[in-house]
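Q: Sharing work37.csv below, CSV, C-alpha atoms:
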```
chain,number,residue,atom,x,y,z
U,1,MET,CA,-57.3,-51.1,-47.7
U,2,THR,CA,-57.1,-48.4,-45.0
U,3,ILE,CA,-53.9,-47.7,-43.1
U,4,ASP,CA,-55.6,-48.9,-39.9
U,5,LYS,CA,-56.4,-52.3,-41.5
U,6,THR,CA,-52.9,-52.6,-42.8
U,7,ILE,CA,-51.4,-51.9,-39.3
U,8,LYS,CA,-53.7,-54.5,-37.7
U,9,GLU,CA,-52.8,-57.1,-40.3
U,10,ASN,CA,-49.1,-56.4,-39.7
U,11,ILE,CA,-49.6,-56.9,-36.0
U,12,ILE,CA,-51.4,-60.2,-36.5
U,13,SER,CA,-48.8,-61.4,-39.0
U,14,ALA,CA,-46.0,-60.6,-36.6
U,15,TYR,CA,-47.5,-62.6,-33.8
U,16,GLU,CA,-48.3,-65.5,-36.1
U,17,VAL,CA,-44.7,-65.7,-37.1
U,18,MET,CA,-43.2,-65.4,-33.6
U,19,ALA,CA,-45.9,-67.4,-31.7
U,20,GLU,CA,-44.1,-70.7,-31.3
U,21,LYS,CA,-40.9,-69.1,-30.1
U,22,TYR,CA,-42.9,-66.7,-27.9
U,23,ASN,CA,-44.6,-69.6,-26.3
U,24,GLU,CA,-41.3,-71.5,-25.9
U,25,LEU,CA,-39.7,-68.6,-24.1
U,26,ILE,CA,-42.6,-67.1,-22.1
U,27,ASP,CA,-42.1,-69.1,-18.9
U,28,HIS,CA,-38.7,-67.5,-18.2
U,29,LYS,CA,-38.1,-64.5,-20.6
U,30,PRO,CA,-37.1,-61.8,-18.1
U,31,HIS,CA,-39.4,-58.9,-19.2
U,32,ASN,CA,-42.4,-61.3,-19.1
U,33,ALA,CA,-41.7,-63.7,-16.3
U,34,TYR,CA,-39.9,-61.4,-13.9
U,35,TYR,CA,-41.2,-58.0,-14.6
U,36,ASP,CA,-44.7,-57.9,-16.2
U,37,ARG,CA,-46.3,-61.0,-14.6
U,38,PRO,CA,-45.3,-60.7,-11.0
U,39,ASN,CA,-46.4,-57.1,-10.8
U,40,THR,CA,-49.6,-57.6,-12.8
U,41,LEU,CA,-50.6,-60.7,-10.8
U,42,GLU,CA,-50.1,-58.9,-7.5
U,43,LEU,CA,-52.9,-56.5,-8.6
U,44,LEU,CA,-55.3,-59.4,-9.0
U,45,SER,CA,-55.1,-60.5,-5.3
U,46,ASP,CA,-57.2,-63.6,-4.4
U,47,VAL,CA,-58.6,-65.1,-7.6
U,48,ASP,CA,-60.0,-68.4,-6.1
U,49,GLY,CA,-63.5,-69.0,-7.5
U,50,LYS,CA,-63.4,-65.8,-9.6
U,51,ILE,CA,-64.5,-65.7,-13.2
U,52,ILE,CA,-61.7,-64.1,-15.2
U,53,LEU,CA,-61.7,-62.9,-18.8
U,54,ASP,CA,-58.1,-63.0,-20.2
U,55,ALA,CA,-58.4,-60.5,-23.0
U,56,ALA,CA,-55.6,-60.9,-25.5
U,57,CYS,CA,-54.4,-64.1,-23.8
U,58,GLY,CA,-51.4,-64.8,-26.0
U,59,PRO,CA,-50.1,-68.4,-25.5
U,60,GLY,CA,-52.2,-68.8,-22.3
U,61,LYS,CA,-49.5,-68.4,-19.6
U,62,TYR,CA,-51.6,-66.1,-17.4
U,63,ALA,CA,-54.6,-68.4,-17.7
U,64,GLU,CA,-52.4,-71.4,-16.7
U,65,ILE,CA,-51.3,-69.5,-13.5
U,66,LEU,CA,-54.8,-68.3,-12.7
U,67,VAL,CA,-56.4,-71.7,-13.1
U,68,SER,CA,-53.8,-73.1,-10.7
U,69,LYS,CA,-54.9,-70.6,-8.2
U,70,GLY,CA,-58.6,-71.6,-8.4
U,71,ALA,CA,-59.9,-69.1,-11.0
U,72,LEU,CA,-62.4,-69.9,-13.8
U,73,VAL,CA,-60.8,-68.5,-16.9
U,74,LYS,CA,-61.9,-67.8,-20.5
U,75,GLY,CA,-59.7,-66.0,-23.0
U,76,PHE,CA,-59.3,-64.7,-26.5
U,77,ASP,CA,-56.5,-63.4,-28.8
U,78,ILE,CA,-56.5,-61.9,-32.3
U,79,SER,CA,-53.8,-64.4,-33.3
U,80,PRO,CA,-55.1,-67.9,-34.3
U,81,LYS,CA,-51.7,-69.4,-33.6
U,82,MET,CA,-51.6,-67.9,-30.1
U,83,VAL,CA,-55.1,-69.3,-29.4
U,84,GLU,CA,-53.9,-72.7,-30.6
U,85,LEU,CA,-50.9,-72.5,-28.3
U,86,ALA,CA,-53.1,-71.4,-25.3
U,87,ASN,CA,-55.3,-74.4,-25.8
U,88,ARG,CA,-52.3,-76.7,-26.0
U,89,ARG,CA,-50.7,-75.2,-22.9
U,90,ASN,CA,-53.9,-75.6,-20.9
U,91,ASN,CA,-54.7,-79.1,-22.3
U,92,ASN,CA,-57.9,-77.8,-23.9
U,93,GLN,CA,-59.5,-77.3,-20.5
U,94,ILE,CA,-60.2,-73.6,-20.9
U,95,GLU,CA,-62.4,-71.8,-23.4
U,96,PHE,CA,-60.1,-69.8,-25.8
U,97,PHE,CA,-61.3,-68.3,-29.0
U,98,VAL,CA,-60.0,-65.9,-31.8
U,99,HIS,CA,-61.3,-62.4,-31.4
U,100,ASP,CA,-60.1,-58.8,-32.0
U,101,LEU,CA,-59.7,-56.8,-28.7
U,102,SER,CA,-60.8,-53.6,-30.4
U,103,THR,CA,-64.3,-54.9,-31.4
U,104,PRO,CA,-67.3,-55.8,-29.2
U,105,PHE,CA,-67.0,-59.1,-27.2
U,106,GLU,CA,-70.4,-60.4,-28.5
U,107,MET,CA,-69.7,-63.9,-27.1
U,108,ILE,CA,-69.3,-62.7,-23.5
U,109,GLU,CA,-72.5,-62.0,-21.6
U,110,ASP,CA,-73.2,-58.8,-19.6
U,111,ASN,CA,-72.1,-58.7,-16.0
U,112,SER,CA,-70.6,-62.2,-16.3
U,113,CYS,CA,-67.0,-61.7,-15.1
U,114,ASP,CA,-65.4,-60.7,-11.8
U,115,ILE,CA,-62.1,-59.7,-13.3
U,116,VAL,CA,-60.8,-58.7,-16.8
U,117,LEU,CA,-57.1,-59.1,-17.3
U,118,CYS,CA,-55.4,-57.4,-20.3
U,119,ALA,CA,-51.7,-57.8,-20.2
U,120,LEU,CA,-49.4,-56.0,-22.7
U,121,ALA,CA,-52.0,-55.7,-25.4
U,122,LEU,CA,-53.8,-52.3,-25.3
U,123,HIS,CA,-50.9,-50.6,-27.1
U,124,TYR,CA,-51.9,-52.5,-30.2
U,125,ILE,CA,-55.1,-50.5,-30.3
U,126,GLU,CA,-55.3,-46.9,-31.6
U,127,ASP,CA,-58.6,-46.0,-29.8
U,128,TRP,CA,-59.4,-47.8,-26.5
U,129,THR,CA,-63.0,-46.6,-26.2
U,130,VAL,CA,-64.9,-49.6,-27.5
U,131,THR,CA,-62.6,-52.0,-25.6
U,132,ILE,CA,-62.9,-50.2,-22.2
U,133,LYS,CA,-66.7,-50.0,-22.7
U,134,GLU,CA,-66.7,-53.8,-23.3
U,135,PHE,CA,-64.7,-54.3,-20.1
U,136,TYR,CA,-67.3,-52.4,-18.2
U,137,ARG,CA,-70.2,-54.3,-19.8
U,138,VAL,CA,-68.9,-57.8,-19.1
U,139,LEU,CA,-67.9,-57.0,-15.5
U,140,ARG,CA,-70.1,-57.4,-12.5
U,141,ASP,CA,-70.7,-54.5,-10.1
U,142,LYS,CA,-67.4,-53.6,-8.4
U,143,GLY,CA,-65.6,-56.0,-10.7
U,144,ILE,CA,-62.0,-55.0,-11.6
U,145,VAL,CA,-59.9,-54.7,-14.7
U,146,VAL,CA,-56.2,-55.1,-14.5
U,147,ILE,CA,-54.0,-54.0,-17.4
U,148,SER,CA,-50.3,-53.8,-18.1
U,149,ILE,CA,-49.0,-51.5,-20.8
U,150,GLU,CA,-45.8,-50.0,-22.0
U,151,HIS,CA,-45.1,-47.0,-19.9
U,152,PRO,CA,-46.0,-43.8,-21.9
U,153,PHE,CA,-42.9,-41.9,-20.7
U,154,TYR,CA,-40.6,-44.8,-21.7
U,155,GLU,CA,-42.2,-45.0,-25.1
U,156,PHE,CA,-41.9,-41.3,-25.7
U,157,ASN,CA,-38.2,-41.5,-25.1
U,158,PHE,CA,-37.6,-44.9,-26.8
U,159,PHE,CA,-39.3,-43.8,-30.1
U,160,LYS,CA,-37.8,-40.3,-29.9
U,161,SER,CA,-41.3,-38.8,-30.4
U,162,LYS,CA,-41.8,-35.2,-31.0
U,163,LYS,CA,-45.6,-35.4,-30.5
U,164,TYR,CA,-46.2,-36.4,-26.9
U,165,PHE,CA,-49.9,-35.5,-26.8
U,166,GLU,CA,-50.8,-37.5,-29.9
U,167,VAL,CA,-51.6,-41.2,-30.3
U,168,GLU,CA,-49.1,-42.2,-33.0
U,169,ASN,CA,-48.3,-45.4,-34.8
U,170,VAL,CA,-44.8,-46.6,-34.0
U,171,ARG,CA,-42.6,-49.5,-35.1
U,172,CYS,CA,-39.7,-51.4,-33.7
U,173,THR,CA,-37.8,-54.6,-34.5
U,174,TRP,CA,-38.0,-57.4,-31.9
U,175,LYS,CA,-35.0,-59.7,-31.8
U,176,GLY,CA,-35.9,-61.8,-28.7
U,177,PHE,CA,-38.4,-64.2,-30.3
U,178,GLY,CA,-36.6,-65.9,-33.1
U,179,ARG,CA,-35.7,-64.0,-36.3
U,180,PRO,CA,-36.0,-60.2,-36.1
U,181,ILE,CA,-39.5,-59.0,-36.9
U,182,GLU,CA,-41.1,-55.6,-37.1
U,183,VAL,CA,-43.9,-55.0,-34.6
U,184,ASN,CA,-46.4,-52.1,-35.0
U,185,SER,CA,-48.1,-50.5,-32.0
U,186,PHE,CA,-49.5,-47.2,-30.8
U,187,ARG,CA,-47.7,-44.8,-28.5
U,188,ARG,CA,-49.9,-42.5,-26.4
U,189,PRO,CA,-49.6,-39.9,-23.6
U,190,LEU,CA,-50.4,-40.7,-20.0
U,191,ASN,CA,-53.8,-39.0,-20.0
U,192,LYS,CA,-54.9,-41.3,-22.9
U,193,CYS,CA,-54.0,-44.3,-20.7
U,194,ILE,CA,-56.2,-43.0,-17.8
U,195,THR,CA,-59.2,-41.2,-19.2
U,196,PRO,CA,-60.5,-44.1,-21.3
U,197,LEU,CA,-61.0,-45.9,-18.0
U,198,THR,CA,-62.3,-42.9,-15.9
U,199,ASP,CA,-64.6,-41.7,-18.7
U,200,ASN,CA,-66.2,-45.1,-19.2
U,201,GLY,CA,-67.3,-46.3,-15.8
U,202,PHE,CA,-64.1,-47.0,-13.8
U,203,TYR,CA,-62.1,-45.4,-11.1
U,204,ILE,CA,-58.4,-46.1,-10.7
U,205,ASP,CA,-57.7,-48.1,-7.6
U,206,LYS,CA,-54.0,-48.6,-8.0
U,207,LEU,CA,-51.2,-47.6,-10.5
U,208,VAL,CA,-47.9,-49.4,-10.4
U,209,GLU,CA,-44.6,-48.4,-12.0
U,210,PRO,CA,-43.0,-51.8,-11.6
U,211,LYS,CA,-39.5,-52.9,-10.7
U,212,PRO,CA,-38.1,-56.3,-11.8
U,213,THR,CA,-37.8,-59.2,-9.4
U,214,ILE,CA,-34.4,-60.4,-8.3
U,215,GLU,CA,-34.6,-63.4,-10.7
U,216,PHE,CA,-34.4,-60.9,-13.6
U,217,GLU,CA,-30.9,-59.8,-12.6
U,218,ARG,CA,-29.4,-63.3,-13.1
U,219,LEU,CA,-30.7,-63.5,-16.6
U,220,ASP,CA,-30.3,-60.0,-17.8
U,221,PRO,CA,-28.2,-57.7,-15.5
U,222,ARG,CA,-28.1,-54.8,-18.0
U,223,HIS,CA,-31.9,-54.4,-18.3
U,224,TYR,CA,-32.3,-55.2,-14.6
U,225,LYS,CA,-30.2,-52.1,-13.8
U,226,GLU,CA,-32.1,-50.0,-16.4
U,227,LEU,CA,-35.6,-51.1,-15.1
U,228,ASN,CA,-34.6,-50.2,-11.5
U,229,GLU,CA,-33.8,-46.7,-12.8
U,230,PHE,CA,-36.7,-46.1,-15.1
U,231,PRO,CA,-39.9,-48.1,-15.8
U,232,ALA,CA,-40.7,-49.7,-19.1
U,233,PHE,CA,-44.1,-50.9,-18.2
U,234,MET,CA,-47.1,-49.6,-16.1
U,235,CYS,CA,-49.8,-51.6,-14.4
U,236,ILE,CA,-53.2,-50.3,-13.5
U,237,ARG,CA,-56.1,-51.7,-11.5
U,238,ALA,CA,-59.5,-50.1,-12.0
U,239,VAL,CA,-62.8,-50.8,-10.4
U,240,LYS,CA,-66.2,-50.7,-12.1
U,241,ARG,CA,-68.5,-48.0,-10.7
U,242,ASN,CA,-72.2,-48.8,-10.3
U,243,THR,CA,-73.1,-46.0,-12.7
U,244,ILE,CA,-71.2,-44.1,-15.3
U,245,ALA,CA,-71.0,-40.4,-14.4
```
Any chance you could give the structure as structure tokens?
A:
Amino acid sequence: MTIDKTIKENIISAYEVMAEKYNELIDHKPHNAYYDRPNTLELLSDVDGKIILDAACGPGKYAEILVSKGALVKGFDISPKMVELANRRNNNQIEFFVHDLSTPFEMIEDNSCDIVLCALALHYIEDWTVTIKEFYRVLRDKGIVVISIEHPFYEFNFFKSKKYFEVENVRCTWKGFGRPIEVNSFRRPLNKCITPLTDNGFYIDKLVEPKPTIEFERLDPRHYKELNEFPAFMCIRAVKRNTIA
């Protein structure tokens, strides 16, 4: 077994363990409900009638919101339990399936989506190349991809890294979704968050270093103060070019 396979299996295992609690808390957990989602959704603009691929859909909260706004959504996640919860949350009215974000989306046709959404998931992939190329393939001309990720400067400080320019496997213990559980991910420099998009058919339309909404303060004043001083996440909207340079 390679180290990469071990890391992936650990990521899947962690989400399988925390899935039920994650789903239970996702509606109002501050970092998700009042930091990631409002800033990411703002980049999607009008989604009425749009076909959206929710890549790494988790328990289907984004899909639930987007469908309520008139979007046609399909989604996948590497965690079978998360896919089960996404189906349950959306009353089996949306096509969700189990799939690995880092491998080709063979079940999604070329030029079939208006928007690809990928929220807080790309940091679980060491090399984004295949994934970004697949985003390009499934999007129609001038389609958009919207991603949210952990901010590279925040992660560099949080993990006390000494190797900023490298992509490195990092681990931390999450305590907010039931029992403490170790979660693996990959920390990377800013350029490796941007160039996979710009080298593979996209131009960056907007980059947001988000601030929390006021609802966050009531639930978690300490992190509200911190996030107004330094961002933990970063949101990017990129547009598909007609040709790859």
Q: Would you mind listing what lies within 10 Å of stretch 137-139 of chain U as a VMD selection string, with only C-alpha atoms counted and same-chain residues fewer than 2 positions away left out?
A: chain U and resid 51 to 53 104 to 106 108 to 116 131 to 135 141 to 145 201 239 to 240
Q: Tell me, in Å to one decimal, how far atom CA of U:Thr195 is from atom CA of U:Ile149.
A: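 Taking atom CA of U:Thr195 as the start and atom CA of U:Ile149 as the end point, the length is 14.6 Å.
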Q: Given all atoms listed in the file as the basis, pick out the residue of U:Lys69, U:Lys225, U:Lys21, U:Lys8 nearest to U:Leu41.
A: U:Lys69
Q: So, with all atoms listed in the file as the atoms that count, which of U:Arg140, U:His123, U:Lys206, U:Arg171 lies closest to U:Asn184?
A: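 Of U:Arg140, U:His123, U:Lys206, U:Arg171, the one nearest U:Asn184, counting all atoms listed in the file, is U:Arg171.
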Q: By how many Å are atom CA of U:Glu150 and atom CA of U:Gly49 apart?
A: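 Taking atom CA of U:Glu150 as the start and atom CA of U:Gly49 as the end point, the length is 29.7 Å.
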Q: Find the spatial neighbours of U:Asp48, counting only C-alpha atoms, within a cut-off of 9 Å - ignore same-chain residues fewer than 6 positions away - and output them as a list in words.
A: Leu66, Val67, Lys69, Gly70, Ala71 and Leu72 of chain U
Q: Just the number, please: distance in Å from atom CA of U:Tyr34 to atom CA of U:Thr213, one decimal.
A: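 Straight-line distance from atom CA of U:Tyr34 to atom CA of U:Thr213 works out to 5.4 Å.
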Q: Choose the residue, out of U:Cys172, U:Val167, U:Ile147, U:Ile12, that has the smallest atom-to-atom separation from U:Pro189; count only C-alpha atoms.
A: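 That would be U:Val167, the residue with the smallest distance to U:Pro189.
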Q: Would you mind listing what lies within 9 Å of U:Phe96 as a list of chain:residue names, with all atoms listed in the file counted and same-chain residues fewer than 2 positions away left out?
A: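 So the residues in contact are U:Cys57, U:Gly60, U:Lys74, U:Gly75, U:Phe76, U:Asp77, U:Val83, U:Glu84, U:Ala86, U:Asn87, U:Asn92, U:Ile94, U:Val98.
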Q: Restricting it to C-alpha atoms, dump the selection as a PDB file, keeping the file's coordinate frame.
A:
```pdb
ATOM      1  CA  CYS U  57     -54.400 -64.100 -23.800  1.00  0.00           C
ATOM      2  CA  GLY U  60     -52.200 -68.800 -22.300  1.00  0.00           C
ATOM      3  CA  LYS U  74     -61.900 -67.800 -20.500  1.00  0.00           C
ATOM      4  CA  GLY U  75     -59.700 -66.000 -23.000  1.00  0.00           C
ATOM      5  CA  PHE U  76     -59.300 -64.700 -26.500  1.00  0.00           C
ATOM      6  CA  ASP U  77     -56.500 -63.400 -28.800  1.00  0.00           C
ATOM      7  CA  VAL U  83     -55.100 -69.300 -29.400  1.00  0.00           C
ATOM      8  CA  GLU U  84     -53.900 -72.700 -30.600  1.00  0.00           C
ATOM      9  CA  ALA U  86     -53.100 -71.400 -25.300  1.00  0.00           C
ATOM     10  CA  ASN U  87     -55.300 -74.400 -25.800  1.00  0.00           C
ATOM     11  CA  ASN U  92     -57.900 -77.800 -23.900  1.00  0.00           C
ATOM     12  CA  ILE U  94     -60.200 -73.600 -20.900  1.00  0.00           C
ATOM     13  CA  VAL U  98     -60.000 -65.900 -31.800  1.00  0.00           C
TER      14      VAL U  98
END
```
Q: Which of these residues is nearest to U:His223, using all atoms listed in the file: U:Pro30, U:Asn23, U:Thr6, U:Met107?
A: U:Pro30
Q: Within 12 Å of (-50.1, -60.6, -40.8) (coordinates as in the file), grab all the protein and nucleic acid residues, counting only C-alpha atoms, and write them out as a tab-separated table (two decimals) with C-alpha atoms, in the frame of the given file.
A:
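The file below, point_35.tsv, is the result:
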```
chain	number	residue	atom	x	y	z
U	5	LYS	CA	-56.40	-52.30	-41.50
U	6	THR	CA	-52.90	-52.60	-42.80
U	7	ILE	CA	-51.40	-51.90	-39.30
U	8	LYS	CA	-53.70	-54.50	-37.70
U	9	GLU	CA	-52.80	-57.10	-40.30
U	10	ASN	CA	-49.10	-56.40	-39.70
U	11	ILE	CA	-49.60	-56.90	-36.00
U	12	ILE	CA	-51.40	-60.20	-36.50
U	13	SER	CA	-48.80	-61.40	-39.00
U	14	ALA	CA	-46.00	-60.60	-36.60
U	15	TYR	CA	-47.50	-62.60	-33.80
U	16	GLU	CA	-48.30	-65.50	-36.10
U	17	VAL	CA	-44.70	-65.70	-37.10
U	18	MET	CA	-43.20	-65.40	-33.60
U	78	ILE	CA	-56.50	-61.90	-32.30
U	79	SER	CA	-53.80	-64.40	-33.30
U	80	PRO	CA	-55.10	-67.90	-34.30
U	81	LYS	CA	-51.70	-69.40	-33.60
U	181	ILE	CA	-39.50	-59.00	-36.90
U	182	GLU	CA	-41.10	-55.60	-37.10
U	183	VAL	CA	-43.90	-55.00	-34.60
U	184	ASN	CA	-46.40	-52.10	-35.00
```
Q: For U:Cys193, which residue among U:Ile26, U:Met234, U:Val208, U:Leu227 is the nearest when counting all atoms listed in the file?
A: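 Among U:Ile26, U:Met234, U:Val208, U:Leu227, it is U:Met234 that comes nearest to U:Cys193.
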Q: Which residue gives the smallest distance to U:Ala56 among U:Asp27, U:Asp100, U:Asp199, U:Glu20, with only C-alpha atoms counted?
A: U:Asp100
Q: Working from the structure I just supplied, which lacks atoms in stretch 107-118 of chain U, can you model all heavy atoms there and output them as a PDB file, keeping the file's coordinate frame?
A:
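Dumped everything to rebuild-v5.pdb:
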```pdb
ATOM      1  N   MET U 107     -69.571 -62.560 -27.692  1.00  0.00           N
ATOM      2  CA  MET U 107     -69.700 -63.900 -27.100  1.00  0.00           C
ATOM      3  C   MET U 107     -69.640 -63.920 -25.599  1.00  0.00           C
ATOM      4  O   MET U 107     -69.814 -64.966 -24.975  1.00  0.00           O
ATOM      5  CB  MET U 107     -68.627 -64.828 -27.702  1.00  0.00           C
ATOM      6  CG  MET U 107     -67.191 -64.463 -27.310  1.00  0.00           C
ATOM      7  SD  MET U 107     -66.625 -62.815 -27.825  1.00  0.00           S
ATOM      8  CE  MET U 107     -66.701 -62.986 -29.604  1.00  0.00           C
ATOM      9  N   ILE U 108     -69.403 -62.774 -24.973  1.00  0.00           N
ATOM     10  CA  ILE U 108     -69.300 -62.700 -23.500  1.00  0.00           C
ATOM     11  C   ILE U 108     -70.559 -61.936 -23.002  1.00  0.00           C
ATOM     12  O   ILE U 108     -70.865 -60.829 -23.448  1.00  0.00           O
ATOM     13  CB  ILE U 108     -68.051 -61.921 -23.058  1.00  0.00           C
ATOM     14  CG1 ILE U 108     -66.792 -62.546 -23.681  1.00  0.00           C
ATOM     15  CG2 ILE U 108     -67.958 -61.925 -21.531  1.00  0.00           C
ATOM     16  CD1 ILE U 108     -66.490 -63.941 -23.220  1.00  0.00           C
ATOM     17  N   GLU U 109     -71.276 -62.537 -22.077  1.00  0.00           N
ATOM     18  CA  GLU U 109     -72.500 -62.000 -21.600  1.00  0.00           C
ATOM     19  C   GLU U 109     -72.274 -60.753 -20.672  1.00  0.00           C
ATOM     20  O   GLU U 109     -71.203 -60.630 -20.053  1.00  0.00           O
ATOM     21  CB  GLU U 109     -73.314 -63.013 -20.806  1.00  0.00           C
ATOM     22  CG  GLU U 109     -73.801 -64.173 -21.661  1.00  0.00           C
ATOM     23  CD  GLU U 109     -74.581 -65.188 -20.863  1.00  0.00           C
ATOM     24  OE1 GLU U 109     -74.726 -64.987 -19.629  1.00  0.00           O
ATOM     25  OE2 GLU U 109     -75.041 -66.179 -21.455  1.00  0.00           O
ATOM     26  N   ASP U 110     -73.293 -59.900 -20.552  1.00  0.00           N
ATOM     27  CA  ASP U 110     -73.200 -58.800 -19.600  1.00  0.00           C
ATOM     28  C   ASP U 110     -73.038 -59.256 -18.193  1.00  0.00           C
ATOM     29  O   ASP U 110     -73.598 -60.296 -17.798  1.00  0.00           O
ATOM     30  CB  ASP U 110     -74.548 -57.969 -19.677  1.00  0.00           C
ATOM     31  CG  ASP U 110     -74.804 -57.313 -21.013  1.00  0.00           C
ATOM     32  OD1 ASP U 110     -73.971 -57.452 -21.923  1.00  0.00           O
ATOM     33  OD2 ASP U 110     -75.856 -56.659 -21.149  1.00  0.00           O
ATOM     34  N   ASN U 111     -72.270 -58.494 -17.416  1.00  0.00           N
ATOM     35  CA  ASN U 111     -72.100 -58.700 -16.000  1.00  0.00           C
ATOM     36  C   ASN U 111     -71.799 -60.182 -15.635  1.00  0.00           C
ATOM     37  O   ASN U 111     -72.313 -60.752 -14.676  1.00  0.00           O
ATOM     38  CB  ASN U 111     -73.453 -58.349 -15.249  1.00  0.00           C
ATOM     39  CG  ASN U 111     -73.935 -56.961 -15.609  1.00  0.00           C
ATOM     40  OD1 ASN U 111     -73.200 -55.983 -15.499  1.00  0.00           O
ATOM     41  ND2 ASN U 111     -75.173 -56.873 -16.070  1.00  0.00           N
ATOM     42  N   SER U 112     -70.911 -60.778 -16.421  1.00  0.00           N
ATOM     43  CA  SER U 112     -70.600 -62.200 -16.300  1.00  0.00           C
ATOM     44  C   SER U 112     -69.231 -62.494 -15.698  1.00  0.00           C
ATOM     45  O   SER U 112     -68.919 -63.654 -15.423  1.00  0.00           O
ATOM     46  CB  SER U 112     -70.787 -62.924 -17.589  1.00  0.00           C
ATOM     47  OG  SER U 112     -69.876 -62.426 -18.554  1.00  0.00           O
ATOM     48  N   CYS U 113     -68.407 -61.472 -15.526  1.00  0.00           N
ATOM     49  CA  CYS U 113     -67.000 -61.700 -15.100  1.00  0.00           C
ATOM     50  C   CYS U 113     -66.720 -60.896 -13.812  1.00  0.00           C
ATOM     51  O   CYS U 113     -67.246 -59.800 -13.605  1.00  0.00           O
ATOM     52  CB  CYS U 113     -66.039 -61.253 -16.179  1.00  0.00           C
ATOM     53  SG  CYS U 113     -66.235 -62.115 -17.753  1.00  0.00           S
ATOM     54  N   ASP U 114     -65.869 -61.459 -12.978  1.00  0.00           N
ATOM     55  CA  ASP U 114     -65.400 -60.700 -11.800  1.00  0.00           C
ATOM     56  C   ASP U 114     -64.183 -59.885 -12.094  1.00  0.00           C
ATOM     57  O   ASP U 114     -63.980 -58.832 -11.480  1.00  0.00           O
ATOM     58  CB  ASP U 114     -65.032 -61.751 -10.686  1.00  0.00           C
ATOM     59  CG  ASP U 114     -66.202 -62.603 -10.264  1.00  0.00           C
ATOM     60  OD1 ASP U 114     -67.188 -62.039  -9.756  1.00  0.00           O
ATOM     61  OD2 ASP U 114     -66.141 -63.839 -10.445  1.00  0.00           O
ATOM     62  N   ILE U 115     -63.360 -60.362 -13.024  1.00  0.00           N
ATOM     63  CA  ILE U 115     -62.100 -59.700 -13.300  1.00  0.00           C
ATOM     64  C   ILE U 115     -61.876 -59.752 -14.853  1.00  0.00           C
ATOM     65  O   ILE U 115     -62.149 -60.770 -15.493  1.00  0.00           O
ATOM     66  CB  ILE U 115     -60.903 -60.386 -12.643  1.00  0.00           C
ATOM     67  CG1 ILE U 115     -61.044 -60.316 -11.115  1.00  0.00           C
ATOM     68  CG2 ILE U 115     -59.573 -59.759 -13.074  1.00  0.00           C
ATOM     69  CD1 ILE U 115     -60.039 -61.192 -10.365  1.00  0.00           C
ATOM     70  N   VAL U 116     -61.392 -58.663 -15.418  1.00  0.00           N
ATOM     71  CA  VAL U 116     -60.800 -58.700 -16.800  1.00  0.00           C
ATOM     72  C   VAL U 116     -59.353 -58.392 -16.659  1.00  0.00           C
ATOM     73  O   VAL U 116     -58.935 -57.423 -16.020  1.00  0.00           O
ATOM     74  CB  VAL U 116     -61.505 -57.621 -17.680  1.00  0.00           C
ATOM     75  CG1 VAL U 116     -60.761 -57.542 -19.019  1.00  0.00           C
ATOM     76  CG2 VAL U 116     -62.972 -57.935 -17.922  1.00  0.00           C
ATOM     77  N   LEU U 117     -58.565 -59.258 -17.255  1.00  0.00           N
ATOM     78  CA  LEU U 117     -57.100 -59.100 -17.300  1.00  0.00           C
ATOM     79  C   LEU U 117     -56.735 -58.791 -18.762  1.00  0.00           C
ATOM     80  O   LEU U 117     -57.169 -59.498 -19.675  1.00  0.00           O
ATOM     81  CB  LEU U 117     -56.413 -60.356 -16.842  1.00  0.00           C
ATOM     82  CG  LEU U 117     -54.909 -60.453 -17.139  1.00  0.00           C
ATOM     83  CD1 LEU U 117     -54.130 -59.400 -16.351  1.00  0.00           C
ATOM     84  CD2 LEU U 117     -54.396 -61.854 -16.838  1.00  0.00           C
ATOM     85  N   CYS U 118     -55.932 -57.748 -18.950  1.00  0.00           N
ATOM     86  CA  CYS U 118     -55.400 -57.400 -20.300  1.00  0.00           C
ATOM     87  C   CYS U 118     -53.975 -57.034 -20.173  1.00  0.00           C
ATOM     88  O   CYS U 118     -53.652 -55.901 -19.815  1.00  0.00           O
ATOM     89  CB  CYS U 118     -56.275 -56.297 -20.912  1.00  0.00           C
ATOM     90  SG  CYS U 118     -55.876 -56.009 -22.652  1.00  0.00           S
TER      91      CYS U 118
END
```
